[in-house]
>>> print(open('final38.txt').read())   # compact mmCIF, C-alpha atoms
# COMPACT_ATOMS: atom_id res chain seq x y z
CA MET A 30 15.15 2.07 7.87
CA LEU A 31 13.25 -1.16 7.40
CA ASP A 32 15.69 -3.83 6.28
CA ARG A 33 15.00 -5.28 2.85
CA SER A 34 15.23 -8.81 4.26
CA GLU A 35 12.04 -8.21 6.27
CA LEU A 36 10.17 -7.72 3.00
CA ALA A 37 11.82 -10.56 1.06
CA VAL A 38 9.26 -13.00 2.47
CA ASP A 39 5.79 -14.17 1.52
CA VAL A 40 3.32 -11.31 1.11
CA LEU A 41 1.20 -12.29 4.13
CA PRO A 42 3.90 -11.91 6.81
CA ALA A 43 5.22 -8.90 4.88
CA ALA A 44 1.78 -7.27 5.10
CA ALA A 45 1.62 -7.85 8.84
CA ARG A 46 5.16 -6.46 9.26
CA LEU A 47 4.35 -3.28 7.35
CA LEU A 48 1.64 -2.35 9.83
CA GLY A 49 3.08 0.18 12.25
CA CYS A 50 5.97 1.08 9.94
CA VAL A 51 6.42 4.73 8.96
CA LEU A 52 6.37 5.80 5.32
CA GLU A 53 7.99 9.20 4.80
CA ALA A 54 8.12 11.32 1.65
CA ASP A 55 9.67 14.66 0.73
CA THR A 56 7.10 16.89 -1.02
CA PRO A 57 7.15 20.52 -2.26
CA GLU A 58 5.17 21.51 0.86
CA GLY A 59 7.51 19.68 3.23
CA THR A 60 8.16 16.19 4.56
CA VAL A 61 5.08 14.07 5.25
CA ALA A 62 5.15 10.83 7.25
CA VAL A 63 2.38 8.35 8.00
CA ARG A 64 2.15 5.30 10.22
CA LEU A 65 0.78 2.49 8.09
CA VAL A 66 -2.43 1.09 9.56
CA GLU A 67 -4.01 -0.80 6.64
CA VAL A 68 -2.52 -2.86 3.80
CA GLU A 69 -3.50 -5.61 1.35
CA ALA A 70 -1.38 -8.52 0.14
CA TYR A 71 -1.22 -9.67 -3.49
CA ARG A 72 0.94 -12.71 -4.11
CA GLY A 73 1.31 -12.99 -7.87
CA ARG A 74 1.02 -16.10 -9.98
CA ASP A 75 -1.54 -17.89 -7.77
CA ASP A 76 -3.61 -14.77 -7.03
CA PRO A 77 -6.13 -13.89 -9.80
CA ALA A 78 -6.68 -10.43 -8.25
CA SER A 79 -3.03 -9.54 -8.84
CA HIS A 80 -1.63 -7.46 -11.71
CA CYS A 81 1.08 -10.08 -12.29
CA TYR A 82 -1.24 -13.11 -12.33
CA ARG A 83 -0.80 -13.48 -16.11
CA GLY A 84 2.94 -12.89 -16.12
CA ARG A 85 5.52 -10.15 -16.32
CA THR A 86 4.93 -6.98 -18.33
CA ALA A 87 6.58 -3.58 -18.54
CA ARG A 88 3.88 -2.24 -16.25
CA ASN A 89 4.17 -4.80 -13.43
CA ALA A 90 7.93 -5.49 -13.60
CA VAL A 91 8.59 -3.93 -10.18
CA MET A 92 6.40 -6.60 -8.57
CA PHE A 93 8.97 -9.23 -9.60
CA GLY A 94 11.57 -7.78 -7.26
CA PRO A 95 13.80 -7.13 -5.59
CA ALA A 96 11.81 -6.48 -2.43
CA GLY A 97 11.46 -3.00 -0.98
CA HIS A 98 10.59 -1.05 -4.13
CA LEU A 99 7.51 1.04 -4.86
CA TYR A 100 5.07 -0.27 -7.46
CA VAL A 101 2.89 2.71 -8.40
CA TYR A 102 -0.01 2.40 -10.81
CA PHE A 103 -2.86 4.55 -12.13
CA VAL A 104 -6.43 3.32 -11.53
CA TYR A 105 -9.84 4.34 -12.88
CA GLY A 106 -8.18 7.06 -14.95
CA MET A 107 -7.83 9.40 -11.98
CA HIS A 108 -5.88 8.00 -9.00
CA PHE A 109 -2.46 6.62 -8.18
CA CYS A 110 -2.02 3.73 -5.75
CA ALA A 111 1.25 2.55 -4.21
CA ASN A 112 2.55 -0.87 -3.22
CA VAL A 113 5.78 -2.23 -1.79
CA SER A 114 7.33 -5.23 -3.55
CA CYS A 115 7.94 -8.38 -1.48
CA LEU A 116 9.20 -11.96 -1.84
CA GLU A 117 12.55 -13.13 -3.19
CA ASP A 118 13.88 -11.46 -6.33
CA GLY A 119 12.08 -12.93 -9.34
CA GLU A 120 9.00 -14.03 -7.39
CA PRO A 121 6.09 -11.63 -7.99
CA GLY A 122 4.21 -10.09 -5.11
CA ALA A 123 3.49 -6.78 -3.41
CA VAL A 124 1.54 -5.19 -0.60
CA LEU A 125 -0.88 -2.38 -1.37
CA LEU A 126 -0.63 0.54 1.06
CA ARG A 127 -4.23 1.32 1.96
CA ALA A 128 -4.20 3.80 4.85
CA GLY A 129 -2.02 5.67 7.31
CA GLU A 130 -2.11 7.99 10.31
CA VAL A 131 -0.28 11.30 9.80
CA LEU A 132 2.66 11.75 12.16
CA THR A 133 4.22 14.97 10.86
CA ASP A 134 3.03 18.60 10.80
CA PRO A 135 -0.74 18.48 10.13
CA GLY A 136 -0.46 21.86 8.43
CA VAL A 137 1.73 20.38 5.71
CA ALA A 138 -0.63 17.43 5.32
CA ARG A 139 -3.63 19.78 5.10
CA ALA A 140 -1.85 21.84 2.44
CA ARG A 141 -1.45 18.68 0.39
CA ARG A 142 -4.97 17.37 1.02
CA PRO A 143 -7.12 20.52 1.46
CA THR A 144 -10.38 18.70 0.68
CA ALA A 145 -10.03 16.29 3.62
CA ARG A 146 -12.92 16.81 6.03
CA LYS A 147 -10.98 15.67 9.09
CA ASP A 148 -7.48 14.49 9.97
CA ASP A 149 -8.49 10.81 9.90
CA ASP A 150 -9.34 11.24 6.20
CA LEU A 151 -5.94 12.62 5.16
CA ALA A 152 -4.55 9.17 4.24
CA ARG A 153 -7.60 6.90 4.54
CA GLY A 154 -7.70 4.81 1.38
CA PRO A 155 -4.90 4.04 -1.10
CA ALA A 156 -5.57 6.96 -3.46
CA ARG A 157 -5.62 9.51 -0.62
CA LEU A 158 -2.45 8.06 0.89
CA ALA A 159 -0.64 8.25 -2.45
CA SER A 160 -1.88 11.80 -3.01
CA LEU A 161 -0.77 12.92 0.44
CA LEU A 162 2.75 11.60 -0.15
CA GLY A 163 2.87 12.89 -3.72
CA LEU A 164 3.34 9.44 -5.24
CA GLY A 165 3.03 9.14 -9.01
CA ARG A 166 4.51 7.44 -12.07
CA ALA A 167 7.93 9.00 -11.47
CA ASP A 168 8.15 7.13 -8.16
CA ASN A 169 7.55 3.70 -9.66
CA GLY A 170 10.57 1.55 -8.80
CA LEU A 171 11.92 3.73 -5.97
CA ASP A 172 13.84 1.83 -3.30
CA VAL A 173 12.11 2.70 -0.02
CA THR A 174 14.85 0.97 2.00
CA ASP A 175 17.43 3.49 0.74
CA PRO A 176 17.88 6.41 3.19
CA ALA A 177 18.71 8.68 0.23
CA SER A 178 15.39 7.97 -1.52
CA ARG A 179 12.67 10.63 -1.75
CA VAL A 180 10.32 8.07 -0.20
CA ARG A 181 11.59 6.10 2.78
CA LEU A 182 10.20 3.25 4.87
CA HIS A 183 11.15 3.27 8.55
CA ALA A 184 10.78 0.21 10.74
CA GLY A 185 8.23 0.46 13.48
CA GLU A 186 8.05 -1.99 16.33
CA PRO A 187 6.36 -5.21 15.12
CA LEU A 188 2.77 -5.15 16.32
CA PRO A 189 1.43 -7.87 18.62
CA PRO A 190 -0.89 -10.29 16.78
CA SER A 191 -3.71 -9.28 19.12
CA SER A 192 -3.75 -5.76 17.59
CA ILE A 193 -3.95 -6.94 13.96
CA ARG A 194 -7.20 -7.76 12.20
CA THR A 195 -7.67 -9.46 8.82
CA GLY A 196 -10.50 -9.64 6.34
CA PRO A 197 -11.39 -9.67 2.62
CA ARG A 198 -9.63 -7.27 0.31
CA VAL A 199 -11.55 -4.15 -0.70
CA GLY A 200 -13.25 -3.93 -4.08
CA VAL A 201 -11.85 -7.07 -5.70
CA ALA A 202 -14.07 -9.53 -7.59
CA ALA A 203 -11.45 -12.26 -8.13
CA ALA A 204 -10.35 -14.26 -5.07
CA ALA A 205 -12.67 -12.10 -2.98
CA GLU A 206 -12.86 -14.73 -0.25
CA LEU A 207 -9.20 -14.39 0.73
CA ALA A 208 -8.69 -12.54 4.03
CA TRP A 209 -5.55 -10.78 2.80
CA ARG A 210 -6.38 -7.28 4.04
CA TYR A 211 -4.59 -6.43 7.30
CA TRP A 212 -5.33 -3.48 9.57
CA VAL A 213 -4.57 -2.09 13.01
CA ASP A 214 -7.50 -2.69 15.32
CA GLY A 215 -9.10 0.55 16.50
CA SER A 216 -7.30 2.93 14.13
CA PRO A 217 -9.70 5.67 12.95
CA ALA A 218 -7.80 5.94 9.66
CA VAL A 219 -8.72 2.44 8.45
CA SER A 220 -10.90 2.62 5.33
CA VAL A 221 -14.44 1.33 4.99
CA TYR A 222 -14.80 -2.19 3.59
CA ARG A 223 -16.49 -2.37 0.20
CA PRO A 224 -17.02 -5.72 -1.54
CA GLY A 225 -16.10 -6.26 -5.18
CA GLY A 226 -18.33 -5.02 -7.98
CA THR A 227 -18.26 -4.13 -11.65
CA ARG A 228 -15.39 -1.65 -11.35
CA ALA A 229 -13.48 -4.04 -9.12
CA ARG A 230 -13.24 -6.65 -11.86
CA ARG A 231 -10.16 -4.79 -13.05
CA ARG A 232 -7.31 -6.39 -11.11
CA ARG A 233 -6.21 -4.11 -8.32
CA THR A 234 -2.52 -4.88 -7.72
>>> encode(input="final38.txt", output="structure tokens")
Amino acid sequence: MLDRSELAVDVLPAAARLLGCVLEADTPEGTVAVRLVEVEAYRGRDDPASHCYRGRTARNAVMFGPAGHLYVYFVYGMHFCANVSCLEDGEPGAVLLRAGEVLTDPGVARARRPTARKDDDLARGPARLASLLGLGRADNGLDVTDPASRVRLHAGEPLPPSSIRTGPRVGVAAAAELAWRYWVDGSPAVSVYRPGGTRARRRRT
């Protein structure tokens, strides 16, 4: 399991550390695991694109810690997205899980995402990743560092800096210039970059 201490750091090194880690979830169709290949960092009080920029609420409370918990939210009235909380307890921040490569039985993954055109699309994008792993409101607050949790985060080998790329976050209008999206160079599961627009003016994380 990934140790909580590796996430109790600033969101930027936490985002880089999450790349290559394996997120595993038990679903009705079977266990599904993905290797994380794309994430986005959202710091909190100094990040106007963050859900917790204006302070703590019942909705964003998980972002205030402790580190290593799922923050799951509903977006555009149709999709769930999942984040992992970071920073020291009481300091708000999280990393949005944007894309993964499926490591487990592709048949189980296909049963969960039957509309995917190809395997690379099974967990490409935060809504597809959350759907594949069956993440919803009931999973908000789950401790992914607990081996008994339904959703578990396993430590992968830290990736060499040469294999990590950074760029602007997808679809945000506020703080759009920040290169806080991290991805694994060459992974076919990385999502397509889309700049912020009208729909993106709703804070993403």
>>> closest_residue(input="final38.txt", among="A:His98, A:Leu188, A:Arg142, A:Gly154", to="A:Cys110", atoms="all atoms listed in the file")
A:Gly154
>>> closest_residue(input="final38.txt", among="A:Leu116, A:Ala184, A:Gly106, A:Ala111", to="A:Glu69", atoms="only C-alpha atoms")
A:Ala111
>>> residues_around(input="final38.txt", residues="A:Pro217", least_positions_apart="6", cutoff="9 Å", atoms="all atoms listed in the file", output="PyMOL selection string")
chain A and resi 130+149-150+153
>>> atom_distance(input="final38.txt", atom1="atom CA of A:Gly200", atom2="atom CA of A:Tyr222")
8.0 Å
>>> closest_residue(input="final38.txt", among="A:Met107, A:Ala159, A:Val40, A:Ala123", to="A:His80", atoms="only C-alpha atoms")
A:Ala123
>>> atom_distance(input="final38.txt", atom1="atom CA of A:Val213", atom2="atom CA of A:Gly49")
8.0 Å
>>> closest_residue(input="final38.txt", among="A:Val101, A:Ala204, A:Val91, A:Leu31", to="A:Leu52", atoms="only C-alpha atoms")
A:Leu31
>>> closest_residue(input="final38.txt", among="A:Thr133, A:Val199, A:Glu67, A:Arg146", to="A:Gly215", atoms="only C-alpha atoms")
A:Glu67
>>> build_atoms(input="final38.txt", residues="stretch 177-198 of chain A", atoms="N, CA, C and O atoms", output="CSV table (one decimal), in the frame of the given file")
chain,number,residue,atom,x,y,z
A,177,ALA,N,18.6,7.5,1.1
A,177,ALA,CA,18.7,8.7,0.2
A,177,ALA,C,17.5,8.8,-0.7
A,177,ALA,O,17.4,9.8,-1.5
A,178,SER,N,16.6,7.9,-0.7
A,178,SER,CA,15.4,8.0,-1.5
A,178,SER,C,14.5,9.1,-1.1
A,178,SER,O,14.4,9.5,0.1
A,179,ARG,N,13.7,9.6,-2.1
A,179,ARG,CA,12.7,10.6,-1.8
A,179,ARG,C,11.6,10.1,-0.9
A,179,ARG,O,10.9,10.8,-0.1
A,180,VAL,N,11.3,8.8,-1.0
A,180,VAL,CA,10.3,8.1,-0.2
A,180,VAL,C,11.0,7.0,0.6
A,180,VAL,O,11.7,6.2,0.0
A,181,ARG,N,10.8,7.0,1.9
A,181,ARG,CA,11.6,6.1,2.8
A,181,ARG,C,10.7,5.3,3.7
A,181,ARG,O,9.7,5.9,4.2
A,182,LEU,N,11.0,4.1,4.0
A,182,LEU,CA,10.2,3.2,4.9
A,182,LEU,C,11.0,3.0,6.1
A,182,LEU,O,12.0,2.3,6.1
A,183,HIS,N,10.5,3.5,7.3
A,183,HIS,CA,11.2,3.3,8.6
A,183,HIS,C,10.5,2.1,9.3
A,183,HIS,O,9.3,2.0,9.3
A,184,ALA,N,11.3,1.3,10.0
A,184,ALA,CA,10.8,0.2,10.7
A,184,ALA,C,10.1,0.7,12.0
A,184,ALA,O,10.7,1.4,12.8
A,185,GLY,N,8.9,0.3,12.2
A,185,GLY,CA,8.2,0.5,13.5
A,185,GLY,C,8.4,-0.8,14.3
A,185,GLY,O,8.8,-1.9,13.8
A,186,GLU,N,8.0,-0.8,15.5
A,186,GLU,CA,8.0,-2.0,16.3
A,186,GLU,C,7.0,-3.0,15.8
A,186,GLU,O,5.9,-2.6,15.5
A,187,PRO,N,7.4,-4.2,15.6
A,187,PRO,CA,6.4,-5.2,15.1
A,187,PRO,C,5.2,-5.2,16.1
A,187,PRO,O,5.3,-5.2,17.3
A,188,LEU,N,4.0,-5.2,15.5
A,188,LEU,CA,2.8,-5.2,16.3
A,188,LEU,C,2.4,-6.5,16.9
A,188,LEU,O,2.6,-7.5,16.2
A,189,PRO,N,1.9,-6.6,18.1
A,189,PRO,CA,1.4,-7.9,18.6
A,189,PRO,C,0.3,-8.4,17.8
A,189,PRO,O,-0.6,-7.6,17.3
A,190,PRO,N,0.2,-9.7,17.6
A,190,PRO,CA,-0.9,-10.3,16.8
A,190,PRO,C,-2.3,-9.9,17.3
A,190,PRO,O,-3.2,-9.8,16.5
A,191,SER,N,-2.4,-9.6,18.6
A,191,SER,CA,-3.7,-9.3,19.1
A,191,SER,C,-4.2,-7.9,18.6
A,191,SER,O,-5.4,-7.6,18.7
A,192,SER,N,-3.3,-7.1,18.1
A,192,SER,CA,-3.8,-5.8,17.6
A,192,SER,C,-4.0,-5.7,16.1
A,192,SER,O,-4.4,-4.7,15.5
A,193,ILE,N,-3.8,-6.9,15.4
A,193,ILE,CA,-4.0,-6.9,14.0
A,193,ILE,C,-5.2,-7.7,13.6
A,193,ILE,O,-5.5,-8.8,14.2
A,194,ARG,N,-6.0,-7.1,12.7
A,194,ARG,CA,-7.2,-7.8,12.2
A,194,ARG,C,-7.0,-8.1,10.7
A,194,ARG,O,-6.3,-7.4,10.0
A,195,THR,N,-7.7,-9.1,10.2
A,195,THR,CA,-7.7,-9.5,8.8
A,195,THR,C,-9.1,-9.6,8.3
A,195,THR,O,-10.0,-9.9,9.0
A,196,GLY,N,-9.2,-9.5,7.0
A,196,GLY,CA,-10.5,-9.6,6.3
A,196,GLY,C,-10.3,-9.6,4.8
A,196,GLY,O,-9.2,-9.5,4.3
A,197,PRO,N,-11.5,-9.7,4.1
A,197,PRO,CA,-11.4,-9.7,2.6
A,197,PRO,C,-10.8,-8.4,2.1
A,197,PRO,O,-11.0,-7.3,2.7
A,198,ARG,N,-10.2,-8.5,1.0
A,198,ARG,CA,-9.6,-7.3,0.3
A,198,ARG,C,-10.8,-6.4,-0.2
A,198,ARG,O,-11.9,-6.9,-0.5
